[in-house]
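K.L.:
You'll find work.cif just under this line, and it carries mmCIF, C-alpha atoms (C1' of nucleotides).
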```cif
data_input
#
loop_
_atom_site.label_atom_id
_atom_site.label_comp_id
_atom_site.auth_asym_id
_atom_site.auth_seq_id
_atom_site.Cartn_x
_atom_site.Cartn_y
_atom_site.Cartn_z
CA MET A 1 19.07 17.51 4.70
CA ASN A 2 18.42 18.41 8.24
CA VAL A 3 20.20 16.15 10.67
CA MET A 4 17.98 13.56 12.28
CA ASN A 5 17.32 15.81 15.22
CA ALA A 6 13.99 16.45 16.81
CA SER A 7 13.31 19.98 15.61
CA PRO A 8 9.89 21.29 16.58
CA ARG A 9 8.97 21.56 12.92
CA ARG A 10 9.82 17.91 12.41
CA LYS A 11 7.68 16.94 15.37
CA GLU A 12 4.68 18.70 13.91
CA LEU A 13 5.26 17.10 10.53
CA THR A 14 5.44 13.71 12.19
CA ARG A 15 2.11 14.31 13.86
CA LEU A 16 0.47 15.21 10.57
CA ALA A 17 2.04 12.22 8.85
CA ALA A 18 0.63 9.91 11.51
CA GLN A 19 -2.84 11.21 10.81
CA LEU A 20 -2.52 10.63 7.07
CA PHE A 21 -1.01 7.19 7.54
CA VAL A 22 -4.02 6.19 9.61
CA GLN A 23 -6.52 7.65 7.16
CA GLU A 24 -4.99 6.22 3.99
CA GLY A 25 -2.45 3.65 5.02
CA PHE A 26 1.27 4.07 4.51
CA ASP A 27 1.44 2.79 0.95
CA ARG A 28 -1.42 4.90 -0.30
CA THR A 29 -0.11 8.05 1.30
CA THR A 30 2.03 9.80 -1.29
CA VAL A 31 4.77 12.30 -0.54
CA ARG A 32 2.67 14.84 -2.40
CA MET A 33 -0.24 14.25 -0.03
CA LEU A 34 2.04 14.56 2.95
CA ALA A 35 3.54 17.78 1.62
CA GLN A 36 0.17 19.33 0.93
CA GLU A 37 -1.09 18.49 4.39
CA MET A 38 2.00 20.24 5.73
CA GLY A 39 1.54 23.27 3.53
CA ILE A 40 4.74 22.81 1.53
CA LYS A 41 5.74 21.33 -1.83
CA SER A 42 6.71 17.68 -2.11
CA GLY A 43 10.38 18.42 -2.75
CA SER A 44 10.70 20.37 0.49
CA LEU A 45 9.71 17.30 2.45
CA PHE A 46 13.11 15.78 1.89
CA HIS A 47 14.76 18.58 3.74
CA HIS A 48 13.26 17.20 6.94
CA PHE A 49 13.32 13.47 6.23
CA LYS A 50 15.79 11.36 4.31
CA ASP A 51 13.02 9.41 2.63
CA LYS A 52 9.44 8.26 3.08
CA GLN A 53 10.56 5.31 5.22
CA GLU A 54 12.11 7.67 7.73
CA ILE A 55 8.79 9.44 8.21
CA LEU A 56 7.16 6.14 9.09
CA ALA A 57 9.95 5.29 11.51
CA ALA A 58 9.61 8.70 13.16
CA VAL A 59 5.87 8.23 13.62
CA ILE A 60 6.26 4.80 15.15
CA GLU A 61 9.15 5.79 17.37
CA GLU A 62 7.22 8.66 18.84
CA GLY A 63 4.12 6.59 19.41
CA THR A 64 5.92 3.77 21.13
CA GLN A 65 8.02 6.07 23.28
CA ASN A 66 4.85 7.80 24.35
CA ALA A 67 3.10 4.56 25.25
CA LEU A 68 6.15 3.46 27.22
CA ALA A 69 6.31 6.71 29.15
CA ILE A 70 2.62 6.67 30.00
CA ALA A 71 2.74 3.05 31.16
CA LYS A 72 5.80 3.66 33.34
CA ARG A 73 4.22 6.67 34.96
CA ALA A 74 1.00 4.75 35.55
CA LEU A 75 2.90 1.98 37.30
CA ASP A 76 4.83 4.46 39.45
CA GLU A 77 1.65 6.11 40.60
CA SER A 78 -0.23 2.87 41.16
CA PRO A 79 -0.76 1.24 44.55
CA PRO A 80 1.57 -1.74 44.85
CA SER A 81 -1.08 -4.47 44.81
CA PRO A 82 -0.98 -6.77 41.75
CA GLU A 83 -4.59 -6.07 40.95
CA ALA A 84 -4.10 -2.31 41.02
CA ARG A 85 -1.01 -2.59 38.83
CA LEU A 86 -2.84 -4.76 36.32
CA ARG A 87 -5.62 -2.25 36.17
CA ALA A 88 -3.14 0.60 35.85
CA MET A 89 -1.50 -1.02 32.82
CA ALA A 90 -4.80 -1.63 31.07
CA ARG A 91 -5.84 1.95 31.72
CA ALA A 92 -2.54 3.29 30.49
CA HIS A 93 -2.78 1.26 27.31
CA LEU A 94 -6.22 2.58 26.54
CA GLU A 95 -5.29 6.10 27.55
CA THR A 96 -2.53 5.99 24.95
CA LEU A 97 -4.99 4.83 22.36
CA PHE A 98 -7.19 7.73 23.27
CA THR A 99 -4.70 10.58 23.40
CA ASP A 100 -2.18 9.42 20.82
CA ARG A 101 -4.32 7.18 18.70
CA ASN A 102 -2.80 7.90 15.31
CA ALA A 103 0.78 7.07 16.13
CA HIS A 104 -0.31 3.97 17.98
CA VAL A 105 -2.44 2.68 15.15
CA VAL A 106 0.39 3.21 12.72
CA ALA A 107 2.75 1.31 15.00
CA LEU A 108 0.32 -1.60 15.13
CA PHE A 109 -0.70 -1.83 11.51
CA GLU A 110 2.17 -0.48 9.45
CA TRP A 111 5.03 -2.14 11.30
CA ARG A 112 5.79 -4.44 8.40
CA ARG A 113 6.48 -1.51 6.09
CA LEU A 114 9.58 -0.59 8.08
CA ASP A 115 12.85 -1.67 6.55
CA ASP A 116 15.00 -4.11 8.46
CA SER A 117 17.30 -1.63 10.16
CA ALA A 118 14.40 0.48 11.41
CA LYS A 119 12.68 -2.65 12.64
CA ALA A 120 15.76 -3.71 14.53
CA HIS A 121 16.06 -0.34 16.18
CA LEU A 122 12.41 0.01 17.09
CA SER A 123 11.79 -3.53 18.26
CA HIS A 124 13.80 -2.76 21.37
CA LEU A 125 11.35 -0.06 22.30
CA ARG A 126 8.50 -2.42 21.63
CA ASP A 127 10.04 -5.15 23.73
CA ALA A 128 10.55 -2.74 26.61
CA TYR A 129 6.85 -1.97 26.54
CA GLU A 130 5.84 -5.61 26.44
CA ALA A 131 8.23 -6.38 29.26
CA LEU A 132 6.18 -4.14 31.52
CA TRP A 133 3.13 -6.22 30.74
CA VAL A 134 4.90 -9.50 31.29
CA GLN A 135 6.12 -8.28 34.66
CA VAL A 136 2.71 -7.14 35.85
CA ILE A 137 1.06 -10.31 34.65
CA GLU A 138 3.64 -12.41 36.42
CA GLU A 139 2.93 -10.57 39.65
CA SER A 140 -0.74 -11.34 39.24
CA LEU A 141 -0.01 -14.98 38.56
CA ALA A 142 2.24 -15.22 41.61
CA ALA A 143 -0.46 -13.64 43.74
CA GLY A 144 -2.98 -16.21 42.51
CA LEU A 145 -5.07 -13.44 41.02
CA ILE A 146 -5.21 -15.11 37.64
CA HIS A 147 -4.24 -18.55 36.43
CA GLY A 148 -2.81 -20.12 33.30
CA ASP A 149 -0.03 -19.93 30.79
CA ARG A 150 1.99 -16.76 31.21
CA PHE A 151 2.75 -16.37 27.50
CA LEU A 152 -0.78 -16.99 26.28
CA ILE A 153 -2.37 -14.71 28.83
CA THR A 154 -0.09 -11.87 27.84
CA ARG A 155 -0.94 -12.34 24.17
CA PHE A 156 -4.65 -12.59 24.77
CA ILE A 157 -4.77 -9.47 26.89
CA LEU A 158 -2.66 -7.43 24.50
CA GLY A 159 -4.69 -8.72 21.60
CA ALA A 160 -7.97 -7.72 23.20
CA LEU A 161 -6.58 -4.28 24.01
CA ASN A 162 -4.94 -3.64 20.66
CA TRP A 163 -8.05 -4.67 18.80
CA THR A 164 -9.99 -1.91 20.53
CA VAL A 165 -8.63 0.53 17.95
CA ARG A 166 -10.85 -1.25 15.45
CA TRP A 167 -14.14 -0.61 17.19
CA TYR A 168 -13.74 1.76 20.12
CA ASP A 169 -15.39 5.12 19.66
CA PRO A 170 -14.14 7.79 22.08
CA ALA A 171 -17.29 9.79 21.42
CA GLY A 172 -19.43 6.90 22.63
CA PRO A 173 -20.81 6.33 26.12
CA ARG A 174 -17.87 4.27 27.40
CA THR A 175 -14.70 5.78 28.81
CA PRO A 176 -11.33 4.08 28.43
CA ASP A 177 -11.47 3.36 32.14
CA ASP A 178 -14.76 1.53 31.65
CA LEU A 179 -13.07 -0.75 29.16
CA ALA A 180 -10.12 -1.39 31.44
CA GLU A 181 -12.45 -2.19 34.31
CA GLU A 182 -14.48 -4.63 32.25
CA LEU A 183 -11.43 -6.38 30.86
CA ILE A 184 -9.93 -6.90 34.30
CA ALA A 185 -13.23 -8.17 35.62
CA MET A 186 -13.48 -10.59 32.73
CA ILE A 187 -10.15 -12.28 33.36
CA MET A 188 -10.26 -12.33 37.15
CA PRO A 189 -12.13 -15.31 38.56
CA ALA A 190 -14.73 -14.55 41.22
CA ARG A 191 -14.33 -11.33 43.09
CA MET B 1 -13.94 -10.73 -19.39
CA ASN B 2 -15.19 -13.89 -17.86
CA VAL B 3 -18.48 -13.46 -16.07
CA MET B 4 -18.20 -13.24 -12.31
CA ASN B 5 -18.79 -16.94 -11.96
CA ALA B 6 -16.82 -19.27 -9.74
CA SER B 7 -14.82 -21.17 -12.34
CA PRO B 8 -12.30 -23.61 -10.90
CA ARG B 9 -9.49 -21.59 -12.43
CA ARG B 10 -10.73 -18.48 -10.72
CA LYS B 11 -10.85 -20.27 -7.39
CA GLU B 12 -7.24 -21.30 -7.70
CA LEU B 13 -6.20 -17.78 -8.68
CA THR B 14 -8.04 -16.44 -5.65
CA ARG B 15 -6.12 -18.79 -3.41
CA LEU B 16 -2.79 -17.68 -4.81
CA ALA B 17 -3.79 -14.04 -4.56
CA ALA B 18 -4.62 -14.50 -0.89
CA GLN B 19 -1.13 -15.81 -0.27
CA LEU B 20 0.51 -12.85 -1.98
CA PHE B 21 -1.75 -10.34 -0.26
CA VAL B 22 -0.67 -11.73 3.09
CA GLN B 23 3.00 -11.76 2.18
CA GLU B 24 3.17 -8.29 0.70
CA GLY B 25 -0.04 -6.53 1.58
CA PHE B 26 -2.65 -5.57 -0.97
CA ASP B 27 -1.14 -2.28 -2.07
CA ARG B 28 2.33 -3.64 -2.59
CA THR B 29 1.12 -6.63 -4.55
CA THR B 30 1.21 -5.62 -8.21
CA VAL B 31 -0.84 -7.22 -10.94
CA ARG B 32 2.46 -8.36 -12.45
CA MET B 33 3.37 -10.20 -9.26
CA LEU B 34 -0.04 -11.81 -9.16
CA ALA B 35 0.21 -12.86 -12.80
CA GLN B 36 3.67 -14.33 -12.37
CA GLU B 37 2.59 -16.32 -9.34
CA MET B 38 -0.24 -17.67 -11.46
CA GLY B 39 2.02 -18.47 -14.37
CA ILE B 40 0.39 -16.07 -16.81
CA LYS B 41 1.07 -12.57 -18.12
CA SER B 42 -0.32 -9.54 -16.36
CA GLY B 43 -2.79 -8.70 -19.10
CA SER B 44 -4.39 -12.13 -18.93
CA LEU B 45 -5.36 -11.49 -15.36
CA PHE B 46 -8.12 -9.19 -16.46
CA HIS B 47 -9.80 -11.99 -18.28
CA HIS B 48 -10.67 -13.51 -14.91
CA PHE B 49 -11.19 -10.40 -12.80
CA LYS B 50 -12.60 -7.03 -13.71
CA ASP B 51 -9.90 -5.20 -11.79
CA LYS B 52 -7.54 -5.58 -8.86
CA GLN B 53 -10.24 -4.64 -6.39
CA GLU B 54 -12.34 -7.58 -7.50
CA ILE B 55 -9.53 -9.98 -6.67
CA LEU B 56 -9.44 -8.63 -3.15
CA ALA B 57 -13.18 -8.94 -2.80
CA ALA B 58 -13.05 -12.53 -4.03
CA VAL B 59 -10.38 -13.43 -1.48
CA ILE B 60 -12.28 -11.89 1.40
CA GLU B 61 -15.61 -13.37 0.35
CA GLU B 62 -14.18 -16.86 0.23
CA GLY B 63 -12.41 -16.51 3.56
CA THR B 64 -15.44 -15.21 5.39
CA GLN B 65 -17.77 -17.76 3.88
CA ASN B 66 -15.39 -20.48 4.96
CA ALA B 67 -15.18 -19.17 8.51
CA LEU B 68 -18.94 -18.99 8.68
CA ALA B 69 -19.37 -22.55 7.43
CA ILE B 70 -16.82 -23.95 9.86
CA ALA B 71 -18.37 -22.14 12.80
CA LYS B 72 -21.87 -23.29 11.93
CA ARG B 73 -20.75 -26.87 11.62
CA ALA B 74 -18.89 -26.67 14.92
CA LEU B 75 -21.99 -25.41 16.66
CA ASP B 76 -24.13 -28.14 15.13
CA GLU B 77 -21.79 -30.84 16.33
CA SER B 78 -21.29 -29.35 19.78
CA PRO B 79 -23.05 -30.56 22.92
CA PRO B 80 -25.78 -28.09 23.83
CA SER B 81 -24.24 -26.77 27.05
CA PRO B 82 -23.23 -23.08 26.89
CA GLU B 83 -19.68 -23.90 27.93
CA ALA B 84 -19.26 -26.49 25.19
CA ARG B 85 -20.67 -24.11 22.62
CA LEU B 86 -18.36 -21.32 23.69
CA ARG B 87 -15.42 -23.67 23.42
CA ALA B 88 -16.61 -24.89 20.04
CA MET B 89 -16.72 -21.36 18.67
CA ALA B 90 -13.23 -20.55 19.91
CA ARG B 91 -11.92 -23.75 18.42
CA ALA B 92 -13.64 -23.11 15.11
CA HIS B 93 -12.22 -19.61 14.93
CA LEU B 94 -8.70 -20.84 15.48
CA GLU B 95 -9.20 -23.78 13.17
CA THR B 96 -10.09 -21.34 10.42
CA LEU B 97 -6.96 -19.38 11.15
CA PHE B 98 -5.00 -22.57 10.87
CA THR B 99 -6.44 -24.09 7.71
CA ASP B 100 -7.40 -20.96 5.83
CA ARG B 101 -5.05 -18.48 7.33
CA ASN B 102 -4.33 -16.40 4.24
CA ALA B 103 -7.87 -15.49 3.32
CA HIS B 104 -8.69 -14.79 6.94
CA VAL B 105 -5.72 -12.51 7.46
CA VAL B 106 -6.59 -10.59 4.32
CA ALA B 107 -10.16 -10.19 5.52
CA LEU B 108 -8.92 -8.80 8.83
CA PHE B 109 -6.20 -6.47 7.64
CA GLU B 110 -7.08 -5.38 4.13
CA TRP B 111 -10.76 -4.72 4.68
CA ARG B 112 -10.33 -0.99 4.30
CA ARG B 113 -8.99 -1.40 0.78
CA LEU B 114 -12.37 -2.59 -0.46
CA ASP B 115 -14.44 -0.02 -2.26
CA ASP B 116 -17.76 0.97 -0.78
CA SER B 117 -19.96 -1.34 -2.79
CA ALA B 118 -17.83 -4.39 -2.01
CA LYS B 119 -17.81 -3.40 1.65
CA ALA B 120 -21.58 -3.15 1.69
CA HIS B 121 -21.94 -6.56 0.13
CA LEU B 122 -19.39 -8.32 2.33
CA SER B 123 -20.31 -6.74 5.63
CA HIS B 124 -23.45 -8.85 5.68
CA LEU B 125 -21.35 -11.99 5.67
CA ARG B 126 -19.21 -10.54 8.41
CA ASP B 127 -22.21 -9.64 10.50
CA ALA B 128 -23.60 -13.14 10.14
CA TYR B 129 -20.39 -14.53 11.56
CA GLU B 130 -20.34 -12.13 14.46
CA ALA B 131 -23.98 -12.89 15.18
CA LEU B 132 -23.00 -16.47 15.96
CA TRP B 133 -20.57 -15.19 18.56
CA VAL B 134 -23.07 -12.82 20.09
CA GLN B 135 -25.57 -15.63 20.39
CA VAL B 136 -23.17 -18.03 22.06
CA ILE B 137 -21.90 -15.38 24.44
CA GLU B 138 -25.43 -14.46 25.39
CA GLU B 139 -26.16 -18.08 26.24
CA SER B 140 -23.10 -18.12 28.49
CA LEU B 141 -24.18 -14.91 30.18
CA ALA B 142 -27.69 -16.24 30.74
CA ALA B 143 -26.27 -19.41 32.24
CA GLY B 144 -24.14 -17.35 34.62
CA LEU B 145 -21.00 -18.80 33.12
CA ILE B 146 -19.49 -15.40 32.54
CA HIS B 147 -20.43 -11.90 33.65
CA GLY B 148 -20.29 -8.41 32.30
CA ASP B 149 -21.18 -6.21 29.38
CA ARG B 150 -22.34 -8.29 26.42
CA PHE B 151 -20.89 -5.94 23.82
CA LEU B 152 -17.51 -5.50 25.45
CA ILE B 153 -17.05 -9.19 26.14
CA THR B 154 -17.72 -10.02 22.50
CA ARG B 155 -15.19 -7.45 21.34
CA PHE B 156 -12.53 -8.52 23.79
CA ILE B 157 -12.84 -12.19 22.90
CA LEU B 158 -12.82 -11.56 19.17
CA GLY B 159 -9.89 -9.19 19.59
CA ALA B 160 -7.86 -11.72 21.50
CA LEU B 161 -8.65 -14.38 18.91
CA ASN B 162 -8.05 -12.23 15.86
CA TRP B 163 -4.77 -10.98 17.21
CA THR B 164 -3.44 -14.52 17.32
CA VAL B 165 -2.62 -14.25 13.62
CA ARG B 166 0.10 -11.84 14.68
CA TRP B 167 2.01 -14.23 16.92
CA TYR B 168 0.66 -17.77 16.67
CA ASP B 169 3.03 -20.23 15.06
CA PRO B 170 1.33 -23.44 13.89
CA ALA B 171 4.71 -25.16 13.89
CA GLY B 172 5.15 -24.42 17.59
CA PRO B 173 4.27 -26.65 20.55
CA ARG B 174 0.74 -25.31 21.00
CA THR B 175 -2.24 -26.60 19.06
CA PRO B 176 -5.19 -24.35 18.19
CA ASP B 177 -7.22 -26.34 20.70
CA ASP B 178 -4.69 -25.48 23.41
CA LEU B 179 -5.27 -21.82 22.71
CA ALA B 180 -9.03 -22.18 22.76
CA GLU B 181 -8.84 -24.07 26.06
CA GLU B 182 -6.66 -21.44 27.66
CA LEU B 183 -8.80 -18.56 26.48
CA ILE B 184 -11.99 -20.12 27.83
CA ALA B 185 -10.28 -20.86 31.12
CA MET B 186 -9.10 -17.27 31.32
CA ILE B 187 -12.54 -15.71 31.02
CA MET B 188 -14.49 -18.23 33.08
CA PRO B 189 -14.41 -17.49 36.80
CA ALA B 190 -13.56 -20.38 39.10
CA ARG B 191 -14.24 -23.84 37.77
"C1'" DT C 1 29.45 43.17 6.67
"C1'" DG C 2 29.97 38.89 4.80
"C1'" DT C 3 28.93 34.00 5.56
"C1'" DT C 4 26.40 30.36 6.93
"C1'" DT C 5 22.19 27.86 7.82
"C1'" DA C 6 17.32 26.49 7.60
"C1'" DC C 7 13.69 26.12 4.75
"C1'" DA C 8 11.33 26.45 0.78
"C1'" DC C 9 10.70 26.48 -4.36
"C1'" DT C 10 10.53 24.85 -9.55
"C1'" DA C 11 11.17 21.39 -12.67
"C1'" DG C 12 11.52 17.05 -13.97
"C1'" DC C 13 13.92 12.25 -14.29
"C1'" DG C 14 13.44 7.45 -14.34
"C1'" DC C 15 10.53 4.09 -13.12
"C1'" DT C 16 6.29 1.45 -11.91
"C1'" DT C 17 1.55 1.26 -11.69
"C1'" DG C 18 -3.24 -0.61 -13.14
"C1'" DC C 19 -5.28 -1.48 -17.12
"C1'" DT C 20 -6.43 -1.69 -22.44
"C1'" DT C 21 -6.05 -3.23 -27.04
"C1'" DG C 22 -5.90 -6.37 -30.78
"C1'" DG C 23 -4.73 -10.64 -31.95
"C1'" DT C 24 -3.60 -15.90 -31.29
"C1'" DT C 25 -4.29 -20.69 -29.71
"C1'" DA C 26 -6.78 -24.77 -28.19
"C1'" DC C 27 -10.81 -26.96 -27.21
"C1'" DT C 28 -16.00 -28.01 -27.63
"C1'" DG C 29 -20.38 -28.94 -29.43
"C1'" DT C 30 -23.11 -29.19 -33.84
"C1'" DA D 1 -16.13 -28.48 -41.24
"C1'" DC D 2 -17.11 -24.59 -38.63
"C1'" DA D 3 -18.67 -21.35 -35.31
"C1'" DG D 4 -18.21 -20.22 -30.48
"C1'" DT D 5 -15.74 -19.53 -26.48
"C1'" DA D 6 -12.36 -19.61 -22.72
"C1'" DA D 7 -7.74 -18.56 -21.97
"C1'" DC D 8 -3.85 -16.47 -23.01
"C1'" DC D 9 0.01 -13.14 -25.05
"C1'" DA D 10 2.74 -9.02 -26.75
"C1'" DA D 11 2.91 -4.31 -26.61
"C1'" DG D 12 2.20 -0.26 -24.64
"C1'" DC D 13 -0.50 3.99 -22.77
"C1'" DA D 14 -1.46 7.47 -19.39
"C1'" DA D 15 -0.94 8.48 -14.88
"C1'" DG D 16 1.31 8.55 -10.76
"C1'" DC D 17 5.21 7.35 -7.92
"C1'" DG D 18 9.57 8.53 -4.84
"C1'" DC D 19 13.12 11.28 -5.14
"C1'" DT D 20 16.94 14.64 -6.99
"C1'" DA D 21 19.15 18.83 -8.67
"C1'" DG D 22 19.71 23.40 -8.64
"C1'" DT D 23 18.16 27.85 -6.96
"C1'" DG D 24 16.15 31.63 -4.00
"C1'" DT D 25 15.56 33.96 0.37
"C1'" DA D 26 15.35 35.50 4.94
"C1'" DA D 27 17.10 35.09 9.42
"C1'" DA D 28 21.16 33.99 12.53
"C1'" DC D 29 25.81 34.21 13.31
"C1'" DA D 30 30.88 35.71 12.77
#
```
Translate this structure into structure tokens?

P.N.:
Amino acid sequence: MNVMNASPRRKELTRLAAQLFVQEGFDRTTVRMLAQEMGIKSGSLFHHFKDKQEILAAVIEEGTQNALAIAKRALDESPPSPEARLRAMARAHLETLFTDRNAHVVALFEWRRLDDSAKAHLSHLRDAYEALWVQVIEESLAAGLIHGDRFLITRFILGALNWTVRWYDPAGPRTPDDLAEELIAMIMPAR
Amino acid sequence: MNVMNASPRRKELTRLAAQLFVQEGFDRTTVRMLAQEMGIKSGSLFHHFKDKQEILAAVIEEGTQNALAIAKRALDESPPSPEARLRAMARAHLETLFTDRNAHVVALFEWRRLDDSAKAHLSHLRDAYEALWVQVIEESLAAGLIHGDRFLITRFILGALNWTVRWYDPAGPRTPDDLAEELIAMIMPAR
DNA sequence: TGTTTACACTAGCGCTTGCTTGGTTACTGT
DNA sequence: ACAGTAACCAAGCAAGCGCTAGTGTAAACA
């Protein structure tokens, strides 16, 4: 087997796997389907990945790392005001869903299929991403921009954003920025 | 096979199935697991249900019907003010998640596993439930209680509420009513 | 030039899956 | 007493599953 490196071939395979996992779900996606999508036979798959689990972990790792990178960059480029930073995070979240939708959806809805060791490894990445949100929300609370329970507000906002993958249509009239704008407006009292 | 009636035995089996579907997911729940949980052999299962799909449909139908009934009752018993009705809907939604969690979670996360005909049949129920939300939100908009895009606000609120199944712990310090209170406070400007 | 490495193939093993079949038991109304 | 019926069981089939073993080949490296 190839070592667990990030060969370009492996990256492409991961991208294709993400697409299939979204279409069919992890359990219903067979190694034969994955292989066919990749233009090889099912046996050859195990040259690139130790087992099916590892493909899932690779998909989720890439998606989360991507989301983290985009969010960090958005915060760096944002004006320092709490409101601007809040808006930047919401935009970044939805931008990820737009450009890297497959991996993100898999991360959200197939997380429980990971085995324990993969979960342990990847939950750090996830926590790092959530920590960005907690920080930005705390700044907004401190500035009196929003009010309420820090924990609940974080969950509600992330819930509203994550759920967008269930109904948002990129081909529709609304841009991701429209959504971000509306969400911020909804949670900020009187402006 | 038993006709598709609602025999008491079938109801109990549906309840147990919901629990397993939540624990393991639909695909990973085998008919043998279901049968064992029910204290019968796997073959006997097909006396009560035509196939595995039908079990899923039964679970989702019951869950949605329950949610609809609870929400309707909550609205009937609520004071007529838009704010009270909004709060009543949020409470009802979370109450459903608390008392009938399994069926609700299955409805949310295993919907795609339904075949087309079941989807067509059940989506009417789903739409009826969402219509209640749209109505209440429209009343709040008309009363100037909240502002913004009707469609987006509905989606954001339902997203935030649905996502609670991912983190809310009924054994924790917060009651469902606490959550409802906080959510309403979050989206209502200045009070 | 000879050796290694990356990548793919063929073939199939051992197991699990959803579901069927044919028969048995216990109860119910006539 | 007897037919009908709901509920179950034992046994197993056909298909599909993840994964392995052994081999071939072309390019890269020594």

K.L.:
Which residues fall under the PyMOL selection byres ((chain B) within 7 of (chain A)) in this file, as a ChimeraX atom specification?

P.N.:
/B:27,148,156-157,159-160,163,182,186-190

K.L.:
Would you pick out the contacts of range 3-14 of chain D at 12 Å or less, using only C-alpha atoms (C1' of nucleotides), so that residues sharing its chain but fewer than 4 positions from it are not included, and give the list as a PyMOL selection string?

P.N.:
(chain B and resi 1-3+7+9-10+35+39-48) or (chain C and resi 17-30)

K.L.:
When the PyMOL selection byres ((chain C) within 8 of (chain A)) is applied to the structure above, which residues does it catch, written out as number ranges by chain?

P.N.:
C: 7-9

K.L.:
Give me the result of the PyMOL selection byres ((chain A and resi 94) around 8) on this file, residue by residue, as a list in words.

P.N.:
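On the file shown, the PyMOL selection byres ((chain A and resi 94) around 8) covers Ala90, Arg91, Ala92, His93, Glu95, Thr96, Leu97, Phe98, Leu161, Pro176, Asp177 and Ala180 of chain A.
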
K.L.:
Just C-alpha atoms for this one: save the residues we selected as a PDB file, in the coordinates of the input.

P.N.:
```pdb
ATOM      1  CA  ALA A  90      -4.800  -1.630  31.070  1.00  0.00           C
ATOM      2  CA  ARG A  91      -5.840   1.950  31.720  1.00  0.00           C
ATOM      3  CA  ALA A  92      -2.540   3.290  30.490  1.00  0.00           C
ATOM      4  CA  HIS A  93      -2.780   1.260  27.310  1.00  0.00           C
ATOM      5  CA  GLU A  95      -5.290   6.100  27.550  1.00  0.00           C
ATOM      6  CA  THR A  96      -2.530   5.990  24.950  1.00  0.00           C
ATOM      7  CA  LEU A  97      -4.990   4.830  22.360  1.00  0.00           C
ATOM      8  CA  PHE A  98      -7.190   7.730  23.270  1.00  0.00           C
ATOM      9  CA  LEU A 161      -6.580  -4.280  24.010  1.00  0.00           C
ATOM     10  CA  PRO A 176     -11.330   4.080  28.430  1.00  0.00           C
ATOM     11  CA  ASP A 177     -11.470   3.360  32.140  1.00  0.00           C
ATOM     12  CA  ALA A 180     -10.120  -1.390  31.440  1.00  0.00           C
TER      13      ALA A 180
END
```

K.L.:
Using all atoms listed in the file, find all polymer residues with an atom at most 7 Å away from the point (-9.9, 8.5, 17.5); report them as a PyMOL selection string.

P.N.:
chain A and resi 98+101+169-170

K.L.:
With all atoms listed in the file considered, list every residue of chain D at most 10 Å from chain A, as a list in words.

P.N.:
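Filtering chain D at 10 Å from chain A with all atoms listed in the file gives DG16, DC17, DG18, DC19 and DT20 of chain D.
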
K.L.:
CA of Met38 in chain B and CA of Glu61 in chain B are how many Å apart?

P.N.:
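Straight-line distance from CA of Met38 in chain B to CA of Glu61 in chain B works out to 19.9 Å.
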
K.L.:
What gap, in Å, lies between CA of Ile137 in chain A and CA of Thr154 in chain B?

P.N.:
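Pair CA of Ile137 in chain A / CA of Thr154 in chain B returns 22.4 Å.
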
K.L.:
If you measure from CA of His121 in chain A to CA of Phe49 in chain A, what distance in Å do you get, rounded to one decimal?

P.N.:
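One can read the CA of His121 in chain A to CA of Phe49 in chain A distance as 17.2 Å.
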
K.L.:
Kindly compute an axis-aligned box around the listed atoms of range 16-30 of chain D, allowing 8 Å on each side, and express its centre and edge lengths in Å to one decimal as JSON.

P.N.:
```
{"center_x": 16.1, "center_y": 21.5, "center_z": 1.3, "size_x": 45.6, "size_y": 44.4, "size_z": 40.1}
```

K.L.:
When you look at Gln53 in chain A with a cut-off of 9 Å (counting all atoms listed in the file), what residues show up, excluding the ones that are within fewer than 4 positions of it in the same chain? I need them as a list in words.

P.N.:
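Here the qualifying residues turn out to be Phe49, Ala57, Ala58, Arg113, Leu114, Asp115 and Ala118 of chain A.
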
K.L.:
Considering only C-alpha atoms (C1' of nucleotides), return as a PDB file with C-alpha atoms (C1' of nucleotides), in the frame of the given file whatever protein or nucleic-acid residues lie within 10 Å of DA27 in chain D, sequence-local ones (same chain, fewer than 2 positions apart) excluded.

P.N.:
```pdb
ATOM      1  C1'  DT C   5      22.190  27.860   7.820  1.00  0.00           C
ATOM      2  C1'  DA C   6      17.320  26.490   7.600  1.00  0.00           C
TER       3       DA C   6
ATOM      4  C1'  DT D  25      15.560  33.960   0.370  1.00  0.00           C
ATOM      5  C1'  DC D  29      25.810  34.210  13.310  1.00  0.00           C
TER       6       DC D  29
END
```

K.L.:
Could range 61-65 of chain A be completed with N, CA and C atoms and returned as a PDB file, in the frame of the given file?

P.N.:
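In the end it all went to result-v7.pdb:
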```
ATOM      1  N   GLU A  61       8.282   5.565  16.220  1.00  0.00           N
ATOM      2  CA  GLU A  61       9.150   5.790  17.370  1.00  0.00           C
ATOM      3  C   GLU A  61       8.461   6.685  18.393  1.00  0.00           C
ATOM      4  N   GLU A  62       7.885   7.748  17.908  1.00  0.00           N
ATOM      5  CA  GLU A  62       7.220   8.660  18.840  1.00  0.00           C
ATOM      6  C   GLU A  62       6.061   7.990  19.561  1.00  0.00           C
ATOM      7  N   GLY A  63       5.269   7.252  18.805  1.00  0.00           N
ATOM      8  CA  GLY A  63       4.120   6.590  19.410  1.00  0.00           C
ATOM      9  C   GLY A  63       4.505   5.600  20.476  1.00  0.00           C
ATOM     10  N   THR A  64       5.519   4.801  20.170  1.00  0.00           N
ATOM     11  CA  THR A  64       5.920   3.770  21.130  1.00  0.00           C
ATOM     12  C   THR A  64       6.546   4.395  22.371  1.00  0.00           C
ATOM     13  N   GLN A  65       7.389   5.410  22.138  1.00  0.00           N
ATOM     14  CA  GLN A  65       8.020   6.070  23.280  1.00  0.00           C
ATOM     15  C   GLN A  65       6.949   6.673  24.203  1.00  0.00           C
TER      16      GLN A  65
END
```
